[in-house]
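Text of run_11.txt, listed as compact mmCIF, C-alpha atoms:
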```txt
# COMPACT_ATOMS: atom_id res chain seq x y z
CA MET A 6 54.92 85.49 45.58
CA LEU A 7 53.48 85.22 49.08
CA THR A 8 55.75 86.86 51.62
CA SER A 9 55.46 89.06 54.71
CA PRO A 10 57.23 92.09 56.18
CA GLY A 11 59.32 89.94 58.53
CA VAL A 12 60.54 87.51 55.87
CA PRO A 13 63.91 88.16 54.12
CA ASP A 14 63.86 89.14 50.44
CA LEU A 15 64.12 86.51 47.74
CA PRO A 16 67.90 86.28 47.03
CA ASN A 17 67.46 85.71 43.28
CA ALA A 18 64.54 88.09 42.75
CA ARG A 19 66.12 89.69 39.67
CA GLU A 20 66.67 86.34 38.01
CA ILE A 21 63.07 85.30 38.71
CA GLU A 22 61.77 88.60 37.35
CA THR A 23 63.54 87.96 34.03
CA LEU A 24 61.65 84.67 33.71
CA ALA A 25 58.15 85.77 34.69
CA GLU A 26 56.05 88.71 35.76
CA VAL A 27 56.25 88.73 39.55
CA VAL A 28 53.71 90.22 41.95
CA TYR A 29 54.71 90.39 45.62
CA ALA A 30 51.91 90.08 48.16
CA ASP A 31 51.50 89.63 51.89
CA ALA A 32 48.50 87.88 53.43
CA ASP A 33 46.31 91.01 53.18
CA ARG A 34 47.07 91.60 49.50
CA LEU A 35 46.97 87.99 48.36
CA PRO A 36 43.26 87.94 47.33
CA GLU A 37 43.77 90.83 44.91
CA ALA A 38 47.09 89.46 43.61
CA LEU A 39 45.93 85.90 42.85
CA PRO A 40 43.54 86.40 39.88
CA GLY A 41 45.53 85.72 36.71
CA ALA A 42 48.46 84.17 38.59
CA GLN A 43 49.41 80.71 37.35
CA VAL A 44 52.23 80.10 39.83
CA LEU A 45 52.41 80.89 43.53
CA LEU A 46 55.69 80.83 45.42
CA VAL A 47 54.96 80.54 49.15
CA TRP A 48 58.14 82.20 50.40
CA ASP A 49 56.57 82.85 53.81
CA PHE A 50 56.30 79.11 54.27
CA PHE A 51 54.36 79.21 57.56
CA SER A 52 51.60 81.35 56.07
CA THR A 53 48.07 79.99 55.87
CA ALA A 54 46.84 82.94 53.79
CA LEU A 55 45.98 80.88 50.70
CA ARG A 56 43.15 79.15 52.52
CA ASP A 57 41.39 82.48 53.10
CA ALA A 58 42.17 83.73 49.57
CA TRP A 59 41.22 80.47 47.85
CA GLN A 60 38.26 81.89 45.92
CA SER A 61 40.66 84.24 44.13
CA ALA A 62 42.96 81.44 42.94
CA THR A 63 41.06 81.10 39.67
CA ASP A 64 44.05 80.56 37.37
CA LEU A 65 46.52 78.84 39.68
CA GLU A 66 48.31 75.79 38.24
CA TRP A 67 51.31 75.31 40.50
CA ILE A 68 52.25 76.17 44.10
CA HIS A 69 55.81 75.90 45.39
CA VAL A 70 56.42 75.98 49.15
CA ALA A 71 59.94 76.99 50.18
CA ALA A 72 59.98 74.44 53.00
CA ALA A 73 60.08 70.69 53.49
CA GLY A 74 56.80 70.57 55.43
CA VAL A 75 53.57 71.56 53.71
CA ASP A 76 51.17 71.13 56.64
CA SER A 77 50.64 74.91 56.91
CA LEU A 78 49.51 75.05 53.27
CA LEU A 79 47.27 72.05 52.66
CA PHE A 80 43.51 72.19 53.08
CA ASP A 81 40.68 70.12 51.62
CA GLU A 82 39.89 72.32 48.59
CA LEU A 83 43.53 72.39 47.54
CA ARG A 84 43.93 68.63 48.01
CA VAL A 85 41.13 67.80 45.58
CA SER A 86 42.11 70.47 43.04
CA ASP A 87 44.25 69.94 39.93
CA ILE A 88 46.93 72.32 41.24
CA THR A 89 50.41 70.83 41.51
CA VAL A 90 52.25 71.41 44.80
CA THR A 91 56.03 71.17 45.10
CA ASN A 92 58.30 71.75 48.07
CA ALA A 93 61.94 72.08 49.16
CA HIS A 94 62.48 68.32 49.27
CA SER A 95 66.19 67.44 49.69
CA ALA A 96 67.34 70.98 50.56
CA PHE A 97 67.54 70.24 54.28
CA ASP A 98 68.58 66.58 54.25
CA VAL A 99 72.25 66.91 55.19
CA PRO A 100 72.00 69.94 57.53
CA ILE A 101 69.25 68.34 59.62
CA ALA A 102 71.01 64.98 59.68
CA GLU A 103 74.11 66.75 61.01
CA PHE A 104 72.01 68.55 63.63
CA VAL A 105 70.53 65.25 64.83
CA LEU A 106 73.95 63.66 65.16
CA ALA A 107 75.21 66.74 67.02
CA SER A 108 72.25 66.54 69.41
CA ILE A 109 72.92 62.88 70.13
CA LEU A 110 76.63 63.44 70.70
CA ALA A 111 75.96 66.47 72.93
CA HIS A 112 73.67 64.30 75.04
CA ASP A 113 75.96 61.29 75.26
CA LYS A 114 79.07 63.37 75.94
CA GLN A 115 77.27 65.68 78.44
CA LEU A 116 78.35 68.80 76.57
CA HIS A 117 75.45 70.80 77.99
CA ARG A 118 76.49 69.89 81.53
CA SER A 119 80.14 70.67 80.80
CA LYS A 120 79.17 74.18 79.71
CA GLU A 121 77.17 74.68 82.91
CA LEU A 122 80.15 73.57 85.00
CA GLN A 123 82.44 75.89 83.06
CA ARG A 124 80.20 78.85 83.90
CA GLU A 125 80.39 77.79 87.57
CA ALA A 126 84.19 77.36 87.36
CA GLU A 127 83.76 73.84 88.70
CA TRP A 128 86.06 70.96 87.73
CA GLN A 129 84.04 67.73 87.75
CA HIS A 130 85.25 64.51 86.19
CA ARG A 131 82.47 62.29 84.82
CA GLU A 132 82.05 59.13 82.77
CA LEU A 133 80.36 59.55 79.40
CA GLN A 134 78.27 57.34 77.15
CA GLN A 135 79.75 55.74 74.06
CA THR A 136 77.50 56.58 71.13
CA ALA A 137 78.56 53.74 68.85
CA ARG A 138 76.44 50.61 69.20
CA GLN A 139 73.52 52.51 70.74
CA ARG A 140 70.07 52.14 69.18
CA ALA A 141 68.38 54.95 67.29
CA LEU A 142 64.84 54.84 65.94
CA VAL A 143 64.20 57.46 63.26
CA VAL A 144 60.51 58.28 62.79
CA GLY A 145 60.17 59.51 59.23
CA THR A 146 61.60 57.69 56.22
CA GLY A 147 61.69 60.50 53.67
CA GLY A 148 64.80 62.24 52.40
CA ILE A 149 65.73 63.86 55.73
CA GLY A 150 65.13 60.65 57.65
CA ARG A 151 67.26 58.67 55.23
CA ALA A 152 70.13 61.15 55.35
CA THR A 153 69.92 60.97 59.14
CA ALA A 154 69.91 57.18 59.13
CA ARG A 155 73.02 57.07 56.95
CA LEU A 156 74.91 59.55 59.12
CA LEU A 157 73.95 57.87 62.40
CA SER A 158 74.90 54.49 60.98
CA ALA A 159 78.28 55.90 59.95
CA ALA A 160 78.76 57.02 63.56
CA GLY A 161 78.21 53.45 64.69
CA LEU A 162 74.62 53.56 65.88
CA LYS A 163 72.22 50.74 65.11
CA VAL A 164 69.41 52.48 63.23
CA THR A 165 65.86 51.40 62.46
CA GLY A 166 63.04 53.44 60.98
CA ALA A 167 59.35 54.11 61.49
CA GLY A 168 57.10 55.08 58.61
CA ARG A 169 53.59 54.88 57.28
CA THR A 170 53.96 51.15 56.64
CA GLY A 171 56.32 48.54 58.05
CA ARG A 172 58.82 46.64 55.87
CA GLU A 173 62.10 44.74 55.94
CA ARG A 174 65.34 45.05 53.97
CA ASP A 175 65.09 48.80 53.52
CA GLU A 176 68.32 50.14 51.99
CA ASP A 177 68.86 52.83 54.66
CA PHE A 178 67.04 51.49 57.73
CA GLY A 179 67.05 47.74 57.35
CA THR A 180 63.85 47.36 59.36
CA VAL A 181 61.03 49.91 59.16
CA ILE A 182 58.14 49.59 61.58
CA ALA A 183 54.72 51.17 61.19
CA SER A 184 54.55 54.46 63.09
CA SER A 185 51.18 53.38 64.47
CA ASP A 186 53.03 50.60 66.33
CA LEU A 187 55.64 52.94 67.82
CA ALA A 188 54.77 52.11 71.44
CA ASP A 189 55.60 48.46 70.82
CA HIS A 190 59.15 49.21 69.64
CA VAL A 191 60.58 52.00 71.81
CA GLY A 192 61.50 49.92 74.85
CA GLU A 193 65.12 49.33 73.78
CA VAL A 194 65.69 52.65 72.01
CA ASP A 195 68.43 54.99 73.25
CA HIS A 196 67.63 57.88 70.88
CA LEU A 197 64.17 58.45 69.40
CA VAL A 198 64.42 60.90 66.49
CA LEU A 199 61.25 62.55 65.17
CA ILE A 200 61.51 63.74 61.56
CA ALA A 201 58.10 62.73 60.18
CA PRO A 202 55.88 65.22 58.33
CA LEU A 203 52.86 66.46 60.27
CA THR A 204 49.73 64.65 59.08
CA ASN A 205 46.56 63.41 60.72
CA ALA A 206 48.36 60.10 61.30
CA THR A 207 51.44 61.62 62.96
CA ARG A 208 49.92 64.40 65.06
CA GLY A 209 50.58 63.65 68.75
CA LEU A 210 52.58 60.54 67.81
CA LEU A 211 54.84 60.89 70.86
CA ASN A 212 52.14 60.51 73.48
CA SER A 213 51.92 59.26 77.05
CA GLU A 214 51.66 55.62 75.97
CA VAL A 215 54.88 55.79 73.92
CA LEU A 216 56.67 57.72 76.68
CA HIS A 217 55.65 55.13 79.28
CA ARG A 218 57.21 52.39 77.15
CA MET A 219 60.59 54.12 76.82
CA LYS A 220 63.49 53.37 79.13
CA PRO A 221 64.55 55.97 81.72
CA SER A 222 67.85 56.63 79.96
CA ALA A 223 66.22 57.41 76.60
CA HIS A 224 66.78 60.68 74.72
CA VAL A 225 64.28 62.23 72.28
CA VAL A 226 65.21 64.52 69.38
CA ASN A 227 62.45 66.41 67.53
CA VAL A 228 63.39 68.17 64.29
CA GLY A 229 60.10 67.45 62.51
CA ARG A 230 57.10 69.45 63.71
CA GLY A 231 56.19 70.44 67.25
CA ALA A 232 52.75 68.90 67.01
CA LEU A 233 54.27 65.44 66.55
CA VAL A 234 54.63 65.59 70.34
CA ASP A 235 51.98 65.68 73.05
CA GLU A 236 53.80 68.44 74.95
CA PRO A 237 51.94 68.12 78.30
CA ALA A 238 52.66 64.37 78.29
CA LEU A 239 56.32 65.06 77.53
CA VAL A 240 56.59 67.60 80.35
CA ASN A 241 55.17 65.04 82.79
CA ALA A 242 57.51 62.32 81.58
CA LEU A 243 60.53 64.59 82.02
CA ARG A 244 59.46 65.73 85.49
CA GLU A 245 58.92 62.14 86.57
CA GLU A 246 62.27 61.11 84.98
CA ARG A 247 60.60 58.47 82.84
CA ILE A 248 63.00 59.55 80.08
CA ALA A 249 66.39 61.22 80.48
CA ALA A 250 66.31 64.24 78.17
CA VAL A 251 64.99 65.83 75.00
CA SER A 252 66.56 67.98 72.29
CA LEU A 253 63.80 70.06 70.71
CA ASP A 254 64.13 72.27 67.64
CA VAL A 255 60.39 72.59 66.93
CA PHE A 256 57.37 73.32 69.10
CA GLU A 257 53.60 73.32 68.78
CA HIS A 258 53.54 77.11 69.22
CA GLU A 259 56.44 79.17 67.90
CA PRO A 260 58.08 81.24 69.22
CA LEU A 261 57.79 79.15 72.37
CA PRO A 262 55.78 81.13 74.98
CA ARG A 263 57.97 82.51 77.73
CA ASP A 264 55.88 80.80 80.42
CA HIS A 265 56.24 77.32 78.90
CA PRO A 266 57.70 74.76 81.35
CA PHE A 267 60.37 73.70 78.83
CA TRP A 268 62.38 76.89 79.46
CA ALA A 269 63.20 75.99 83.05
CA MET A 270 63.73 72.24 82.69
CA PRO A 271 67.38 71.13 82.93
CA ASN A 272 66.75 67.99 80.85
CA VAL A 273 65.34 69.99 77.93
CA HIS A 274 67.75 71.35 75.30
CA MET A 275 66.16 73.76 72.84
CA SER A 276 66.88 75.61 69.64
CA ALA A 277 64.71 78.05 67.67
CA HIS A 278 63.52 75.94 64.68
CA MET A 279 66.90 76.20 62.98
CA SER A 280 68.16 72.65 62.49
CA GLY A 281 68.23 72.99 58.69
CA ASP A 282 69.14 76.65 58.44
CA VAL A 283 72.82 76.51 57.55
CA VAL A 284 74.58 79.51 56.02
CA GLY A 285 73.16 80.05 52.52
CA TRP A 286 69.95 78.08 53.08
CA GLN A 287 67.69 80.81 51.68
CA THR A 288 69.78 80.99 48.51
CA THR A 289 69.45 77.21 48.16
CA LEU A 290 65.66 77.45 48.48
CA ALA A 291 65.46 80.33 45.99
CA GLU A 292 67.61 78.54 43.41
CA GLN A 293 65.55 75.39 43.85
CA PHE A 294 62.42 77.33 42.90
CA GLU A 295 64.21 79.03 39.99
CA ASP A 296 65.20 75.66 38.58
CA ASN A 297 61.64 74.37 38.84
CA LEU A 298 60.27 77.57 37.32
CA GLY A 299 62.49 77.01 34.30
CA ARG A 300 61.16 73.48 34.03
CA TRP A 301 57.56 74.72 34.24
CA LEU A 302 58.13 77.36 31.56
CA HIS A 303 59.53 74.70 29.22
CA GLY A 304 56.76 72.20 29.91
CA LYS A 305 59.00 69.78 31.78
CA THR A 306 57.99 67.64 34.76
CA LEU A 307 58.39 69.53 38.03
CA LYS A 308 60.71 68.20 40.70
CA ASN A 309 59.60 67.46 44.26
CA GLN A 310 55.89 67.02 43.60
CA VAL A 311 53.94 66.56 46.83
CA ASP A 312 51.31 63.88 47.20
CA LYS A 313 48.62 66.24 48.48
CA HIS A 314 46.69 63.48 50.23
CA LEU A 315 49.73 62.06 52.03
CA GLY A 316 51.25 65.48 52.70
CA TYR A 317 54.79 64.83 51.48
CA VAL A 318 56.94 63.84 48.49
CA ARG A 319 57.00 60.11 47.88
CA SER A 320 60.65 59.09 47.90
CA HIS A 321 60.54 55.32 48.51
```
Would you mind writing the file's structure down as C-alpha cells?
Amino acid sequence: MLTSPGVPDLPNAREIETLAEVVYADADRLPEALPGAQVLLVWDFFSTALRDAWQSATDLEWIHVAAAGVDSLLFDELRVSDITVTNAHSAFDVPIAEFVLASILAHDKQLHRSKELQREAEWQHRELQQTARQRALVVGTGGIGRATARLLSAAGLKVTGAGRTGRERDEDFGTVIASSDLADHVGEVDHLVLIAPLTNATRGLLNSEVLHRMKPSAHVVNVGRGALVDEPALVNALREERIAAVSLDVFEHEPLPRDHPFWAMPNVHMSAHMSGDVVGWQTTLAEQFEDNLGRWLHGKTLKNQVDKHLGYVRSH
C-alpha cells in the first residue's frame, strides 16, 4: 500500500490484512516494497511515486487508486502494460453533485455577500436571482457529472453536457456537445460546471477564448482538476468583469500559494479540494477497495476499471 506520513491510516486495515499480506510503503520505500507485490493500493492518491519505482513493479497485476481522478498515476509505461487500474468511481457522485448545487445557490442567493454584511453589521436589502430556469453546462459526463446533472435538473435548471464527443438524446443531459467546441456554446450559459477528468484533451479547457465568449453574469464552478483552467486567463477575466464569479474547489497547485491573486479577489469563492469529502468518505474508499480485493482473490471481474488511454472509467 502506497501511503505517506501525512495521510490518515486505512480505516479497515485489519480486515485487509486478513485477506492478504500487506506491506506499507511511502514514496522512498516503494522501490523495495514492490518486487513480489501483485496488488498496489494507492492510498496517497496524489502520489507520483510509482513512476520512479516502475522498474521494481515486476509482479504487479492490479493497481487501485483511492480517488476518482487518476491523472497523478498514469504514465506511458503503465498505459501500455497489462496491469489493470481501478479507481473510486461512484464514491463521490452524490457529495460533489450536492456541492455544485450549493455553490450555485450560494452565488444566486448572494450568501457570500450576506455573510460579509453580517460581519459589518450592515442591513442591506437586495434582489436575488432565481435559480430555476437558468442554464447550466456541465463539462464531464461521467458518474459525477451525471449525478450533478440530475440534481441540477431537479432544482429546475436547464442542463446540457459537454464530453469527449457530442450527441443528442442523452438520458441525463439531453444534449451533449463536444468539449472541443466549448467556446461555441457558452454564450447563453449561467453556470459553467467543470467536472471533467484531467487529460491531454481537457488541460486548459477553460481558456481565454472560452472566457471571452461567456456573458458577464456567468458563474464558473470547478470541482474537477485545477489544470482544467488557464488560471492567468481566469484572473484577467475576473478583474475585467468579463464573468461575474467563480467557485473553485481545485487549483493547479495545491495548497494554493499564499501570494496567488485568487485569495484577495471578492468574486472568487474557494474551498480546499473538499467537495467530495463528506463525513465517512475515507471509510467508503477503504470499503470499496476491500470489496474489489475480494473479487480479485476469487477471480471475479474488478469493478471500476479505468481505460488507461482515456484516463477514466467508461460509464456511457
TODO: Find the spatial neighbours of segment 42-57 of chain A, counting all atoms listed in the file, within a cut-off of 10 Å - ignore same-chain residues fewer than 5 positions away - and output them as number ranges by chain.
DONE: A: 6-15, 25-29, 31-36, 62-83, 88-92, 287, 290-291, 294, 298, 301
TODO: Within 8 Å of Ala141 of chain A, counting all atoms listed in the file, which residues show up once you throw out same-chain ones fewer than 3 positions away? Write them as a PyMOL selection string, please.
DONE: chain A and resi 157+162-165+194-198
Near Val215 of chain A, counting only C-alpha atoms, which residues have an atom at most 10 Å away, once you skip same-chain residues fewer than 4 positions from it, shown as an mmCIF file with C-alpha atoms, in the coordinates of the input?
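The resulting file, part.cif, is reproduced below:
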```
data_model
loop_
_atom_site.group_PDB
_atom_site.id
_atom_site.type_symbol
_atom_site.label_atom_id
_atom_site.label_comp_id
_atom_site.auth_asym_id
_atom_site.auth_seq_id
_atom_site.Cartn_x
_atom_site.Cartn_y
_atom_site.Cartn_z
ATOM 1 C CA ASP A 186 53.030 50.600 66.330
ATOM 2 C CA LEU A 187 55.640 52.940 67.820
ATOM 3 C CA ALA A 188 54.770 52.110 71.440
ATOM 4 C CA ASP A 189 55.600 48.460 70.820
ATOM 5 C CA HIS A 190 59.150 49.210 69.640
ATOM 6 C CA VAL A 191 60.580 52.000 71.810
ATOM 7 C CA GLY A 192 61.500 49.920 74.850
ATOM 8 C CA LEU A 210 52.580 60.540 67.810
ATOM 9 C CA LEU A 211 54.840 60.890 70.860
ATOM 10 C CA MET A 219 60.590 54.120 76.820
ATOM 11 C CA ALA A 238 52.660 64.370 78.290
#
```
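Take atom CA of Glu103 of chain A and atom CA of Asn241 of chain A: the distance between them is 28.9 Å.
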Open item on the list: So the first atom is atom CA of Ala223 of chain A and the second is atom CA of Ala137 of chain A; what is the distance between them in Å, to one decimal place?
Closed with: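 Separation between atom CA of Ala223 of chain A and atom CA of Ala137 of chain A: 15.0 Å.
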Task: Length of the atom CA of Gly171 of chain A to atom CA of Ala107 of chain A vector [Å] - done: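 These two atoms are separated by 27.7 Å.
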Open item on the list: I want to know what sits within 12 Å of Gly179 of chain A, based on all atoms listed in the file, with residues of the same chain fewer than 6 positions away left out; could you give that as an MDAnalysis selection string?
Closed with: chainID A and resid 142:143 146 151 154:155 158 163:167 171:173
Using the file's own x, y and z axes, so that the box edges lie along x, y and z, what centre and edge lengths in Å (one decimal) does a box around every listed atom of segment 22-34 of chain A get when 8 Å is added on each side? Give it as lines of an AutoDock Vina configuration file.
```
center_x = 54.9
center_y = 88.1
center_z = 43.6
size_x = 33.2
size_y = 22.9
size_z = 35.7
```
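Remark: for Asp312 of chain A, the closest of the candidate residues A:Glu22, A:Asp87, A:Glu292, A:Glu246 is A:Asp87 (distances computed over only C-alpha atoms).
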- [ ] Around the point (52.2, 66.0, 72.5), in the coordinates given by the file, pick out the residues reaching within 10 Å, counting all atoms listed in the file, and return them as a PyMOL selection string.
- [x] chain A and resi 208-213+231-240+256-257
TODO: Kindly extract all protein, DNA and RNA residues lying within 8 Å of the coordinates (63.2, 64.1, 64.5) given in the file, considering all atoms listed in the file, and supply them as a ChimeraX atom specification.
DONE: /A:105,143-145,150,197-201,226-229
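Using only C-alpha atoms, the nearest neighbour of His303 of chain A within the list A:Ile101, A:Ala152, A:Leu24, A:Ala18 is A:Leu24.
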Open item on the list: My list of candidates is A:Asn272, A:Gly41, A:Thr170, A:Ile149. Which is closest to Ala93 of chain A when distances are computed with all atoms listed in the file?
Closed with: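 Among the listed residues, the smallest separation from Ala93 of chain A belongs to A:Ile149.
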Using all atoms listed in the file, tabulate the residues of segment 200-285 of chain A lying at most 12 Å from any atom of segment 118-131 of chain A, each with its closest atom pair and that distance in Å to one decimal, by chain and increasing residue number, as CSV.
```
residue,atom,partner,partner_atom,distance
A:Pro271,CA,A:Arg118,CA,9.3
A:Asn272,CA,A:Arg118,CA,9.9
A:Val273,CA,A:Arg118,CA,11.7
A:His274,CA,A:Arg118,CA,10.8
```
For C-alpha atoms, I'd like the residues from the last selection saved as a PDB file, keeping the file's coordinate frame.
```pdb
ATOM      1  CA  PRO A 271      67.380  71.130  82.930  1.00  0.00           C
ATOM      2  CA  ASN A 272      66.750  67.990  80.850  1.00  0.00           C
ATOM      3  CA  VAL A 273      65.340  69.990  77.930  1.00  0.00           C
ATOM      4  CA  HIS A 274      67.750  71.350  75.300  1.00  0.00           C
TER       5      HIS A 274
END
```
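For the residues A:Ala159, A:Ala102, A:Leu203, A:Ile182, ranking by smallest atom-to-atom distance to Gly316 of chain A using only C-alpha atoms places A:Leu203 first.
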Open item on the list: From the options A:Gly304, A:Trp59, A:Asp282, A:Thr288, which residue's atoms come nearest to Phe97 of chain A, counting all atoms listed in the file?
Closed with: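 Nearest candidate to Phe97 of chain A out of A:Gly304, A:Trp59, A:Asp282, A:Thr288: A:Asp282.
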Please return segment 26-50 of chain A, rebuilt to N, CA, C and O atoms, as a PDB file, in the coordinates of the input.
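Writing done, so here's out_21.pdb:
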```
ATOM      1  N   GLU A  26      56.569  87.521  35.091  1.00  0.00           N
ATOM      2  CA  GLU A  26      56.050  88.710  35.760  1.00  0.00           C
ATOM      3  C   GLU A  26      55.753  88.340  37.214  1.00  0.00           C
ATOM      4  O   GLU A  26      55.017  87.395  37.478  1.00  0.00           O
ATOM      5  N   VAL A  27      56.352  89.078  38.141  1.00  0.00           N
ATOM      6  CA  VAL A  27      56.250  88.730  39.550  1.00  0.00           C
ATOM      7  C   VAL A  27      55.448  89.800  40.290  1.00  0.00           C
ATOM      8  O   VAL A  27      55.717  91.002  40.167  1.00  0.00           O
ATOM      9  N   VAL A  28      54.479  89.342  41.062  1.00  0.00           N
ATOM     10  CA  VAL A  28      53.710  90.220  41.950  1.00  0.00           C
ATOM     11  C   VAL A  28      53.992  89.763  43.377  1.00  0.00           C
ATOM     12  O   VAL A  28      53.850  88.575  43.693  1.00  0.00           O
ATOM     13  N   TYR A  29      54.411  90.697  44.229  1.00  0.00           N
ATOM     14  CA  TYR A  29      54.710  90.390  45.620  1.00  0.00           C
ATOM     15  C   TYR A  29      53.500  90.754  46.465  1.00  0.00           C
ATOM     16  O   TYR A  29      52.941  91.845  46.324  1.00  0.00           O
ATOM     17  N   ALA A  30      53.106  89.828  47.352  1.00  0.00           N
ATOM     18  CA  ALA A  30      51.910  90.080  48.160  1.00  0.00           C
ATOM     19  C   ALA A  30      52.092  89.479  49.546  1.00  0.00           C
ATOM     20  O   ALA A  30      52.670  88.397  49.696  1.00  0.00           O
ATOM     21  N   ASP A  31      51.593  90.213  50.552  1.00  0.00           N
ATOM     22  CA  ASP A  31      51.500  89.630  51.890  1.00  0.00           C
ATOM     23  C   ASP A  31      50.108  89.033  52.039  1.00  0.00           C
ATOM     24  O   ASP A  31      49.322  88.987  51.073  1.00  0.00           O
ATOM     25  N   ALA A  32      49.784  88.556  53.221  1.00  0.00           N
ATOM     26  CA  ALA A  32      48.500  87.880  53.430  1.00  0.00           C
ATOM     27  C   ALA A  32      47.322  88.792  53.090  1.00  0.00           C
ATOM     28  O   ALA A  32      46.328  88.346  52.505  1.00  0.00           O
ATOM     29  N   ASP A  33      47.416  90.089  53.422  1.00  0.00           N
ATOM     30  CA  ASP A  33      46.310  91.010  53.180  1.00  0.00           C
ATOM     31  C   ASP A  33      46.087  91.268  51.696  1.00  0.00           C
ATOM     32  O   ASP A  33      44.955  91.446  51.248  1.00  0.00           O
ATOM     33  N   ARG A  34      47.163  91.278  50.923  1.00  0.00           N
ATOM     34  CA  ARG A  34      47.070  91.600  49.500  1.00  0.00           C
ATOM     35  C   ARG A  34      46.889  90.383  48.613  1.00  0.00           C
ATOM     36  O   ARG A  34      46.658  90.508  47.412  1.00  0.00           O
ATOM     37  N   LEU A  35      47.023  89.195  49.186  1.00  0.00           N
ATOM     38  CA  LEU A  35      46.970  87.990  48.360  1.00  0.00           C
ATOM     39  C   LEU A  35      45.675  87.852  47.563  1.00  0.00           C
ATOM     40  O   LEU A  35      45.731  87.501  46.369  1.00  0.00           O
ATOM     41  N   PRO A  36      44.488  88.103  48.131  1.00  0.00           N
ATOM     42  CA  PRO A  36      43.260  87.940  47.330  1.00  0.00           C
ATOM     43  C   PRO A  36      43.233  88.778  46.061  1.00  0.00           C
ATOM     44  O   PRO A  36      42.739  88.317  45.024  1.00  0.00           O
ATOM     45  N   GLU A  37      43.786  89.983  46.109  1.00  0.00           N
ATOM     46  CA  GLU A  37      43.770  90.830  44.910  1.00  0.00           C
ATOM     47  C   GLU A  37      44.912  90.481  43.954  1.00  0.00           C
ATOM     48  O   GLU A  37      44.843  90.815  42.761  1.00  0.00           O
ATOM     49  N   ALA A  38      45.952  89.808  44.457  1.00  0.00           N
ATOM     50  CA  ALA A  38      47.090  89.460  43.610  1.00  0.00           C
ATOM     51  C   ALA A  38      46.907  88.133  42.888  1.00  0.00           C
ATOM     52  O   ALA A  38      47.540  87.899  41.856  1.00  0.00           O
ATOM     53  N   LEU A  39      46.057  87.252  43.401  1.00  0.00           N
ATOM     54  CA  LEU A  39      45.930  85.900  42.850  1.00  0.00           C
ATOM     55  C   LEU A  39      45.251  85.817  41.483  1.00  0.00           C
ATOM     56  O   LEU A  39      45.688  85.017  40.644  1.00  0.00           O
ATOM     57  N   PRO A  40      44.180  86.558  41.188  1.00  0.00           N
ATOM     58  CA  PRO A  40      43.540  86.400  39.880  1.00  0.00           C
ATOM     59  C   PRO A  40      44.529  86.610  38.736  1.00  0.00           C
ATOM     60  O   PRO A  40      45.243  87.614  38.696  1.00  0.00           O
ATOM     61  N   GLY A  41      44.594  85.653  37.826  1.00  0.00           N
ATOM     62  CA  GLY A  41      45.530  85.720  36.710  1.00  0.00           C
ATOM     63  C   GLY A  41      46.849  85.035  36.979  1.00  0.00           C
ATOM     64  O   GLY A  41      47.596  84.714  36.044  1.00  0.00           O
ATOM     65  N   ALA A  42      47.183  84.799  38.247  1.00  0.00           N
ATOM     66  CA  ALA A  42      48.460  84.170  38.590  1.00  0.00           C
ATOM     67  C   ALA A  42      48.374  82.663  38.340  1.00  0.00           C
ATOM     68  O   ALA A  42      47.456  81.998  38.808  1.00  0.00           O
ATOM     69  N   GLN A  43      49.363  82.142  37.620  1.00  0.00           N
ATOM     70  CA  GLN A  43      49.410  80.710  37.350  1.00  0.00           C
ATOM     71  C   GLN A  43      50.313  79.963  38.343  1.00  0.00           C
ATOM     72  O   GLN A  43      50.158  78.764  38.547  1.00  0.00           O
ATOM     73  N   VAL A  44      51.264  80.695  38.913  1.00  0.00           N
ATOM     74  CA  VAL A  44      52.230  80.100  39.830  1.00  0.00           C
ATOM     75  C   VAL A  44      52.240  80.905  41.123  1.00  0.00           C
ATOM     76  O   VAL A  44      52.219  82.144  41.083  1.00  0.00           O
ATOM     77  N   LEU A  45      52.283  80.222  42.242  1.00  0.00           N
ATOM     78  CA  LEU A  45      52.410  80.890  43.530  1.00  0.00           C
ATOM     79  C   LEU A  45      53.616  80.327  44.261  1.00  0.00           C
ATOM     80  O   LEU A  45      53.696  79.126  44.528  1.00  0.00           O
ATOM     81  N   LEU A  46      54.568  81.199  44.574  1.00  0.00           N
ATOM     82  CA  LEU A  46      55.690  80.830  45.420  1.00  0.00           C
ATOM     83  C   LEU A  46      55.345  81.240  46.849  1.00  0.00           C
ATOM     84  O   LEU A  46      55.177  82.429  47.137  1.00  0.00           O
ATOM     85  N   VAL A  47      55.240  80.263  47.745  1.00  0.00           N
ATOM     86  CA  VAL A  47      54.960  80.540  49.150  1.00  0.00           C
ATOM     87  C   VAL A  47      56.318  80.690  49.841  1.00  0.00           C
ATOM     88  O   VAL A  47      56.885  79.735  50.360  1.00  0.00           O
ATOM     89  N   TRP A  48      56.832  81.913  49.809  1.00  0.00           N
ATOM     90  CA  TRP A  48      58.140  82.200  50.400  1.00  0.00           C
ATOM     91  C   TRP A  48      58.020  82.333  51.911  1.00  0.00           C
ATOM     92  O   TRP A  48      58.919  81.971  52.646  1.00  0.00           O
ATOM     93  N   ASP A  49      56.883  82.858  52.375  1.00  0.00           N
ATOM     94  CA  ASP A  49      56.570  82.850  53.810  1.00  0.00           C
ATOM     95  C   ASP A  49      55.918  81.497  54.092  1.00  0.00           C
ATOM     96  O   ASP A  49      54.700  81.343  54.089  1.00  0.00           O
ATOM     97  N   PHE A  50      56.771  80.483  54.333  1.00  0.00           N
ATOM     98  CA  PHE A  50      56.300  79.110  54.270  1.00  0.00           C
ATOM     99  C   PHE A  50      55.437  78.681  55.449  1.00  0.00           C
ATOM    100  O   PHE A  50      54.905  77.581  55.454  1.00  0.00           O
TER     101      PHE A  50
END
```
